[in-house]
Structure formats: structure tokens, C-alpha cells
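Asks: I'd like to ask you about the structure that follows.
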Number of protein chains: 2
Amino acid sequence: MRIEDLDTPAIVIDLPKAEANLQRAQAHAGKIGMQLRPHIKTHKLPYFAKRQLALGAAGIACQKLGEAEVMAEAGIDDILIPYNILGTAKLDRLNKLHQHIRVAVSADSTVTVQGYRDRFQFPDRPLQVLIECDTGAGRCGVQTPDEVLDLARMIRTSPGLTFGGLMTYPPQAKRDKVQAWLSEAKRKLAAEAISIPVISSGGTPDLYHAHDVPAATEYRPGTYIYSDRMQVAWGHGTLDDCALTVRTTVVSRPTADRAILDAGSKALAADLCALPGHGHIVEYPDALITKLSEEHATVDLAGSDTGPKIGEAVHVIPNHVCVVTNLFDEVHLTRDGKVVETLPVKARGRMA
Amino acid sequence: MRIEDLDTPAIVIDLPKAEANLQRAQAHAGKIGMQLRPHIKTHKLPYFAKRQLALGAAGIACQKLGEAEVMAEAGIDDILIPYNILGTAKLDRLNKLHQHIRVAVSADSTVTVQGYRDRFQFPDRPLQVLIECDTGAGRCGVQTPDEVLDLARMIRTSPGLTFGGLMTYPPQAKRDKVQAWLSEAKRKLAAEAISIPVISSGGTPDLYHAHDVPAATEYRPGTYIYSDRMQVAWGHGTLDDCALTVRTTVVSRPTADRAILDAGSKALAADLCALPGHGHIVEYPDALITKLSEEHATVDLAGSDTGPKIGEAVHVIPNHVCVVTNLFDEVHLTRDGKVVETLPVKARGRMA
């Protein structure tokens, strides 16, 4: 089957571009001596997780327990879930996972550590717990290196737990600040002779500046596999590196300057990401997607010399690719214009 | 099972509230003498589509052929797809559907009508085609009543097609303009003795003002079943009428003023809808969801007297409910705090 034969809307992945993105990142990690632990939130596919491992990744990261279950079932045996896992139902599932593979989790409070401590009580096979640090992004994470010390002590005095190190989702382009924060935490832990197996940082935007935070030993990029319009705006590669597009059909040309596509917010997602428009139309780079309703994209052709005909298919690079793969049940892998494989997005919909 | 036993994030539907929303709308349609044709895009569930029909709806509307296929399979036999259906693959599927149930579609160009004309050639069972009119919303639709006349003539001279009437997705709160547009189109068709079986309008925000466009004979509301924060902001009912919430857990309390929930843009959708924040937290109405990342919501508690504890579950009324049901594979129907049924969102993911 050729790409032209795919009905729309559909996700089209350019395999050579994705492969180049994966290889470039792995080579960079090797060069700067950092472990790569790709975050599968972007693709949610065992297919690409295995490819990332084959290229040299140290393991993978999953944001949800349900995603980790899918990946473990597919044979992947080293998974970090950089998330506070709370509640009996999830702790039971985590325990099941922990019996079969190497799984690590994070915590940023005594409540979370207490939950792990109560549920995991096997000194022979302790659960690895990393401490999440808020190095400036203002999301989860302990606020000070002193709190790191408190939680590390609590983990180390729990027979069924083991201190896995530090984890942060860093603020973008504030690498000095992240380095200072982590160095201070390292110093405090060293003063108590607590060794730190891993210091894990992440985020595709700063991937090629990861060496500016030498305190980190591991990096968890997600979006780099496909890239998107937001990453390009942040200086990560070019639009030509974007491996994922949404193939969509022009269903209406109500006026000379307006075209309507059959992909709306239920296919492209409404995340504006401070960008002009809701995606980049590869075939009409000067056209602007001004509005998404659920199943229509409204395109302004005023700035474009040419416009598409009704029935014509075009390909859109999304603003934020991770939320787009989360909308589709399948993706089409392509090479040289041919669909070589169609894969179910296996970890999609694993909300909990 | 009780609601408290549901793991998070999860969609919780208050059945009595949804039922009240359905009954109120159907009663209003009866009172003003307008047919109701609920749009299932909001719930994507045969369960509620059947309930809407049992209450007196004239049929249902689906935005996607794939949704219509799911509904037809569930036994629903009168479906309007208010969309330009283009291309061989979709026309073949439409033809299959048309052989089993009463299906109607729309067109706003000669290209779309030509596609229907080429594919449907059975005068004994003609395909109903409505003409989509752009009455001011600036999406699809012919631009003038004269174009209506041209397309109506083309449909009427196609042996396998029958003119089904007019369809519009109207601009909000511009009912005079919509009425004037449709009246003019009616006049032009009447002058050629072309009868108009249906004039179909829609949109939940103007549902209880539908009588201000007396030219319309049918109304296609979607969101009214659950309602959401955007509808309430537009004057449609109150927050207490909102039947759908996302149950989510507080996973972190990094600072006194910050809470983090386990529902991000992959559960609540990032549609801001010109509202402050990304959803209304029922238990903490003065808290503000300032930011969504994919699997975290960041909540600012500065304006709230109290704040939730780590591990506590809260319920969020989304900004735009239709894109939220599109993210979950299942919904939980509840009554008096009990989960009475868990349903797969059957028509979710039917993109094409």
C-alpha cells in the first residue's frame, strides 16, 4: 500500500526520519557519556521502545503504570516510572510488575514513600525509589536539597526499598540553575556517605545541551523520536526532521481564501503552544490553520500563492506530537512513500 | 462499586443529571415544535443514543462515517452525517451503510455532489443529500442562497440522489443573521417549487433559543447531554448541571499553594476555550488549574481557603467535554454515589 492509498485522517510516520532522530540522540548521549532512557509517552509503541533499546538505551521511562504494563508484556524489562504511585490499586499493580522486571519509581513526599514502604517489604528484592526534585519547572518535586536528604534517609531505613537516586523534569533552558540544584543535593548526600546510583533529567528541548548539566547521569527525552512544530520553535532541529504527520483531506473550499480539512481537535489536538496556527501544512507552508473544531480544521490561504483542491490530501506537522499519537488507535510506518507496517498504539488509553 | 473505589483518572457520569439534561432538551424541542436530532460526538455511546431516541429524538447525527457505522451496528437506523463525504473508500462504506439504514449526508460543493452522484445510482433507494450553508460561522458551507439553488438542482437531476434539505452549523448568538440567510434560501427554492424536507441547525449554546430561528425544523445539539464549563460560560445552565467529571488524585503538594493532579492534557485536553484555567475542581471551587502537562495538572491554591491532601481524589468539570470523552476508552455511569455500569466508548477512535 502506498501513502496515497491511506484514508484520512491518519498518522503517517516516516521511518528513516524517526530512525535518524533516534540514532542522532543515542550517538550524542554516547559522546557526552550519559545514559539515554527514552520516554515512551510520545510513541506508546513497543516497536519503537525496542528499537531505542537496541540502539543502546539504558532502559525506558513510562509516565503511567498502565503504559509500563504494556511495555513489560512486550518483553521490556527495565522501566522507570518517574511518577508518585499512590493508592492500593496502583501499588498492587506496581508490585506485580516489580516481581517480573526491574522497575523504579519516584517520590516527592513522605506520603508517597510511606505507601511504597507499606506495600514493599521484601529485602531480597527492594523497590528502587528515586527522589523527584523541583529544579525550577514548578511541577512535582521536593523544593530543597534538604528535603532530598530527609526522603533519602526514609527510603534507606525501609527494608523493602532502595534509594535509586534523583530525578527531575527540569525547566527549559535554565541549565545553570538545574546544575546548581543537583550539585547541592549531591553534596548533601555525599556528606552522609549516601551514594547516588542515578541522576535522571529529561526533556527533548534541552537534549543536545544535556552536557551543560554534568551532575545528571541519565537523560529521558520523549518527543525527539518524532519531533514537532513546538520542538522546532524551541530550536530542536528543523521541520524536515519531523517524522510524524497527520494525513488529512480537504473537504471544502468555501471561499478563495479558506480550505477545510477533515482533521480537527480530535485529530490534531488544540494545544496552541504559543505558535501561530494549529500545525504546519507540508504542501502549503504559507497556509495557516487558524481554527480547529472537533472534526474540521479551518485553513487561511490568504498568505499562500496556491491552494489545495477539494479532495486533495495534505500532511500536517502537529504543534505537539505526544498528544496527537494519544488520539489515534493506529499509526502507519512508511518508507519511500510505501506503508511498510500499521501498528496499534498499544499503550494508548492506559490512563491509570 | 462506589465512586470512591474507582482508580484515577476516570470519567464519572452522573446519570440523573445526564437524564435531566436530555429530558429538558427534548421537552423544549417539543414545546417549540422542532425535531431534535442529538449529535453523538459528545458521548460516542450507543447507550445514550438509544436513550435520546427513546425520549423522542427524530434520529441522531454523527460527524464521522466510522461513528455512524458503530451506531448502525448497535441498531440505530436513522443517521445524519452533516459532513462532505469524499473519496472511494468512504463512499463505498457510505453505500454499505445506506443499504441497511436511512442515512443522510451533506454537501457544499459540486465536487462532493458529483462524488455522491457517481457512486449512488439506485433510483429506488436514493441517497438523501442536504446542502450545507455557511450562515456566518465561517467553516464549511455554500456562501450564498444562489449556490444552494445550484446544488439543489444538481442533486435533483441525479437519479440516485434526493434533496434532503438544508443544514447549517450556525454562528453562536447570531440568530437573526441565521434566520435571514435560511429564509432567503427557502424563498429561492420555493420560487422553483423545490420542497425542503428538513432545515437542520445545531449547537448546544443556542439550544434554548432555537425558536429564534423559526426557519429551522430540526436541531442537532451535542454537548447538552453532559454540559461543561464552556457551555456554562456561554449561559447554558449551571455548573451543577454538568453530568461528567474527571475523577483524579492529588499526587503531590510541593508547596503550600500548589497541588498536582494525575490528570493532564491527555485526560482533560488542553482546550482553554477562553476560560481561566483548565477545568473546575468541584471540591475546591476557588482553586485554579493553571497548567496542564501531559499527565499532570498544576493547581494554584492561592485563592482557596483549603487545599487537598496527597492521595485525595477530586472531580474536575472539563472546559470542553467532547474532547475529553474522546481520550478515554471507558466511562463509568453512576447514581447516588454508586457505579451502576462501565461502558466502552464504542465510537471513540473512529477517525475516518
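Order determines the names: the first chain of the C-alpha cells is A, the second B, and so forth; residues in each chain are numbered 1 upward, and ligands are numbered 1 upward as they are shown.
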Within 7 Å of chain B, which residues of chain A are there when counting only C-alpha atoms? Please give them as a PyMOL selection string.
Replies: chain A and resi 7-9+84+86+89+139-143+251-252+254+260+266+270-271+298+311+323+327-329+349+351-352
Asks: How would the residues just chosen look if you wrote them out with N, CA and C atoms as a JSON list (two decimals), in the first residue's frame?
Replies:
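Result went into result14.json, see below:
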```
[["chain", "number", "residue", "atom", "x", "y", "z"],
["A", 7, "ASP", "N", -6.70, 6.18, 3.90],
["A", 7, "ASP", "CA", -7.85, 7.05, 4.11],
["A", 7, "ASP", "C", -7.50, 8.03, 5.24],
["A", 8, "THR", "N", -8.23, 9.12, 5.32],
["A", 8, "THR", "CA", -7.87, 10.20, 6.25],
["A", 8, "THR", "C", -8.96, 10.44, 7.28],
["A", 9, "PRO", "N", -8.61, 11.03, 8.43],
["A", 9, "PRO", "CA", -7.25, 11.36, 8.85],
["A", 9, "PRO", "C", -6.49, 10.12, 9.31],
["A", 84, "ASN", "N", 4.75, 9.72, 41.18],
["A", 84, "ASN", "CA", 4.31, 9.28, 42.50],
["A", 84, "ASN", "C", 3.20, 8.26, 42.32],
["A", 86, "LEU", "N", 0.39, 6.14, 43.92],
["A", 86, "LEU", "CA", -0.38, 6.21, 45.17],
["A", 86, "LEU", "C", -1.60, 5.31, 45.12],
["A", 89, "ALA", "N", -4.79, 0.17, 44.69],
["A", 89, "ALA", "CA", -4.94, -0.47, 43.38],
["A", 89, "ALA", "C", -3.64, -0.34, 42.58],
["A", 139, "ARG", "N", 6.57, 21.95, 38.90],
["A", 139, "ARG", "CA", 5.55, 20.91, 38.81],
["A", 139, "ARG", "C", 5.70, 20.08, 40.10],
["A", 140, "CYS", "N", 5.95, 18.79, 40.00],
["A", 140, "CYS", "CA", 6.19, 17.98, 41.20],
["A", 140, "CYS", "C", 7.62, 18.20, 41.68],
["A", 141, "GLY", "N", 7.93, 17.55, 42.81],
["A", 141, "GLY", "CA", 9.31, 17.53, 43.26],
["A", 141, "GLY", "C", 9.51, 18.24, 44.58],
["A", 142, "VAL", "N", 10.47, 17.72, 45.37],
["A", 142, "VAL", "CA", 10.80, 18.40, 46.62],
["A", 142, "VAL", "C", 11.44, 19.74, 46.27],
["A", 143, "GLN", "N", 11.28, 20.69, 47.21],
["A", 143, "GLN", "CA", 11.66, 22.07, 46.92],
["A", 143, "GLN", "C", 13.11, 22.39, 47.26],
["A", 251, "VAL", "N", -11.88, 18.90, 2.57],
["A", 251, "VAL", "CA", -13.27, 18.51, 2.33],
["A", 251, "VAL", "C", -14.12, 19.67, 1.83],
["A", 252, "SER", "N", -13.59, 20.89, 1.92],
["A", 252, "SER", "CA", -14.39, 22.03, 1.49],
["A", 252, "SER", "C", -13.47, 23.19, 1.14],
["A", 254, "PRO", "N", -14.84, 26.70, 0.80],
["A", 254, "PRO", "CA", -16.00, 27.60, 0.76],
["A", 254, "PRO", "C", -15.71, 28.93, 0.09],
["A", 260, "ILE", "N", -11.04, 23.73, 4.26],
["A", 260, "ILE", "CA", -11.40, 22.99, 5.47],
["A", 260, "ILE", "C", -10.85, 21.57, 5.34],
["A", 266, "LYS", "N", -9.92, 16.67, 17.48],
["A", 266, "LYS", "CA", -9.90, 15.26, 17.86],
["A", 266, "LYS", "C", -8.83, 14.48, 17.09],
["A", 270, "ALA", "N", -5.79, 20.55, 20.36],
["A", 270, "ALA", "CA", -5.93, 22.01, 20.29],
["A", 270, "ALA", "C", -4.76, 22.76, 20.93],
["A", 271, "ASP", "N", -3.76, 22.05, 21.42],
["A", 271, "ASP", "CA", -2.62, 22.69, 22.08],
["A", 271, "ASP", "C", -1.98, 23.73, 21.14],
["A", 298, "THR", "N", -9.85, 24.80, 10.01],
["A", 298, "THR", "CA", -10.08, 25.92, 9.10],
["A", 298, "THR", "C", -8.73, 26.50, 8.71],
["A", 311, "GLY", "N", -10.81, 17.40, -2.03],
["A", 311, "GLY", "CA", -10.45, 16.01, -2.26],
["A", 311, "GLY", "C", -8.95, 15.77, -2.19],
["A", 323, "VAL", "N", 0.48, 14.50, 22.19],
["A", 323, "VAL", "CA", -0.97, 14.44, 22.42],
["A", 323, "VAL", "C", -1.71, 13.98, 21.17],
["A", 327, "LEU", "N", -4.41, 10.26, 20.40],
["A", 327, "LEU", "CA", -5.77, 10.34, 19.87],
["A", 327, "LEU", "C", -6.09, 9.22, 18.88],
["A", 328, "PHE", "N", -5.04, 8.65, 18.29],
["A", 328, "PHE", "CA", -5.24, 7.65, 17.23],
["A", 328, "PHE", "C", -5.01, 6.24, 17.76],
["A", 329, "ASP", "N", -5.79, 5.29, 17.25],
["A", 329, "ASP", "CA", -5.61, 3.90, 17.67],
["A", 329, "ASP", "C", -4.50, 3.21, 16.89],
["A", 349, "GLY", "N", -4.52, 5.09, 25.84],
["A", 349, "GLY", "CA", -5.72, 4.82, 26.63],
["A", 349, "GLY", "C", -5.43, 4.15, 27.95],
["A", 351, "MET", "N", -4.81, 4.99, 30.95],
["A", 351, "MET", "CA", -4.85, 6.25, 31.69],
["A", 351, "MET", "C", -4.29, 6.12, 33.10],
["A", 352, "ALA", "N", -4.51, 4.98, 33.75],
["A", 352, "ALA", "CA", -4.21, 4.88, 35.18],
["A", 352, "ALA", "C", -2.90, 4.14, 35.45]]
```
Asks: Name the residues of region 45-265 of chain A that come out as strand (DSSP E or B) in a backbone DSSP run; write them as number ranges by chain.
Replies: A: 60-61, 78-84, 102-107, 127-133, 142, 161-167, 198-202, 218-220, 244-255, 258-261
Asks: List as a list in words the protein and nucleic acid residues near Ala57 (chain A), meaning an atom at most 12 Å away when only C-alpha atoms are counted, but skip any in the same chain fewer than 6 places from it.
Replies: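 In the requested format, the answer is Leu22, Gln23, Ala25, Gln26, Ala27, His28, Ala29, Gly30, Met34, Gln35, Leu36, Arg37, Pro38, His39, Ile40, Phe48, Ala49, Lys50, Arg51, Ile76, Asp78, Ile79, Glu218, Tyr219, Arg220 and Pro221 of chain A.
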Asks: Dump C-alpha atoms for the selected residues as a compact mmCIF listing (two decimals), in the first residue's frame?
Replies:
```txt
# COMPACT_ATOMS: atom_id res chain seq x y z
CA LEU A 22 16.89 8.05 17.39
CA GLN A 23 20.43 7.43 16.17
CA ALA A 25 20.29 11.23 20.11
CA GLN A 26 21.91 7.93 21.07
CA ALA A 27 25.19 8.98 19.46
CA HIS A 28 25.09 12.28 21.33
CA ALA A 29 24.43 10.55 24.64
CA GLY A 30 27.37 8.25 23.97
CA MET A 34 25.29 10.00 29.56
CA GLN A 35 22.82 7.12 29.66
CA LEU A 36 19.76 7.57 27.49
CA ARG A 37 16.41 6.38 28.88
CA PRO A 38 13.82 7.29 26.23
CA HIS A 39 10.36 8.25 27.45
CA ILE A 40 7.77 6.25 25.53
CA PHE A 48 9.98 1.83 18.90
CA ALA A 49 10.80 1.14 22.57
CA LYS A 50 12.63 -2.00 21.46
CA ARG A 51 14.41 -0.09 18.72
CA ILE A 76 10.89 -4.83 28.09
CA ASP A 78 13.92 -2.10 32.71
CA ILE A 79 11.37 0.64 33.25
CA GLU A 218 20.84 9.84 32.61
CA TYR A 219 18.53 11.68 30.19
CA ARG A 220 14.86 10.91 29.42
CA PRO A 221 13.83 12.55 26.14
```
Asks: Give the helix (DSSP H, G or I) residues of region 162-245 of chain B, as DSSP finds them on the backbone, and put them as a ChimeraX atom specification.
Replies: /B:175-191,204-212,223-225,229-233,239-241
Asks: Give me, please, the distance in Å between CA of Gln172 (chain A) and CA of His209 (chain A), quoted to one decimal.
Replies: 10.5 Å
Asks: Leaving out region 241-247 of chain A and any residue of its chain fewer than 6 positions from it, which residues lie within 9 Å of it when counting only C-alpha atoms, given as a PDB file with C-alpha atoms, in the first residue's frame?
Replies:
```
ATOM      1  CA  ILE A   3       0.706   6.546   1.434  1.00  0.00           C
ATOM      2  CA  LEU A   6      -4.431   5.731   3.211  1.00  0.00           C
ATOM      3  CA  ASP A   7      -7.852   7.052   4.114  1.00  0.00           C
ATOM      4  CA  THR A   8      -7.868  10.199   6.248  1.00  0.00           C
ATOM      5  CA  PRO A   9      -7.253  11.362   8.848  1.00  0.00           C
ATOM      6  CA  ALA A  10      -4.329   9.033   9.547  1.00  0.00           C
ATOM      7  CA  ILE A  11      -0.957   9.177  11.236  1.00  0.00           C
ATOM      8  CA  VAL A  12       1.957   8.704   8.852  1.00  0.00           C
ATOM      9  CA  ILE A  13       5.420   8.058  10.274  1.00  0.00           C
ATOM     10  CA  ASP A  14       8.479   8.462   8.094  1.00  0.00           C
ATOM     11  CA  LEU A  15      10.657   5.588   9.339  1.00  0.00           C
ATOM     12  CA  PRO A  16      14.014   6.864   8.018  1.00  0.00           C
ATOM     13  CA  LYS A  17      13.426  10.224   9.725  1.00  0.00           C
ATOM     14  CA  ALA A  18      12.431   8.600  13.022  1.00  0.00           C
ATOM     15  CA  GLU A  19      15.444   6.301  12.826  1.00  0.00           C
ATOM     16  CA  ALA A  20      17.767   9.251  12.161  1.00  0.00           C
ATOM     17  CA  ASN A  21      16.323  11.107  15.161  1.00  0.00           C
ATOM     18  CA  TYR A 224      12.824  13.584  19.945  1.00  0.00           C
ATOM     19  CA  ILE A 225      11.740  10.449  18.088  1.00  0.00           C
ATOM     20  CA  TYR A 226       9.115  12.276  16.004  1.00  0.00           C
ATOM     21  CA  SER A 227       9.783  15.948  16.857  1.00  0.00           C
ATOM     22  CA  ASP A 228       7.091  18.528  16.151  1.00  0.00           C
ATOM     23  CA  ARG A 229       6.444  22.187  15.487  1.00  0.00           C
ATOM     24  CA  VAL A 232      11.452  23.158  16.143  1.00  0.00           C
ATOM     25  CA  ALA A 263      -8.740  16.757  10.932  1.00  0.00           C
ATOM     26  CA  ALA A 267      -7.010  14.505  15.458  1.00  0.00           C
ATOM     27  CA  LEU A 268      -4.520  17.379  15.797  1.00  0.00           C
ATOM     28  CA  VAL A 282       3.833  20.491   4.475  1.00  0.00           C
ATOM     29  CA  ALA A 313      -4.751  15.193   0.710  1.00  0.00           C
ATOM     30  CA  VAL A 314      -2.182  17.208   2.648  1.00  0.00           C
ATOM     31  CA  HIS A 315       0.121  16.366   5.562  1.00  0.00           C
ATOM     32  CA  VAL A 316       0.203  18.355   8.785  1.00  0.00           C
ATOM     33  CA  ILE A 317       3.111  18.500  11.245  1.00  0.00           C
ATOM     34  CA  PRO A 318       1.342  18.890  14.609  1.00  0.00           C
ATOM     35  CA  VAL A 321       3.026  15.367  18.673  1.00  0.00           C
ATOM     36  CA  VAL A 324      -1.669  13.555  18.783  1.00  0.00           C
TER      37      VAL A 324
END
```
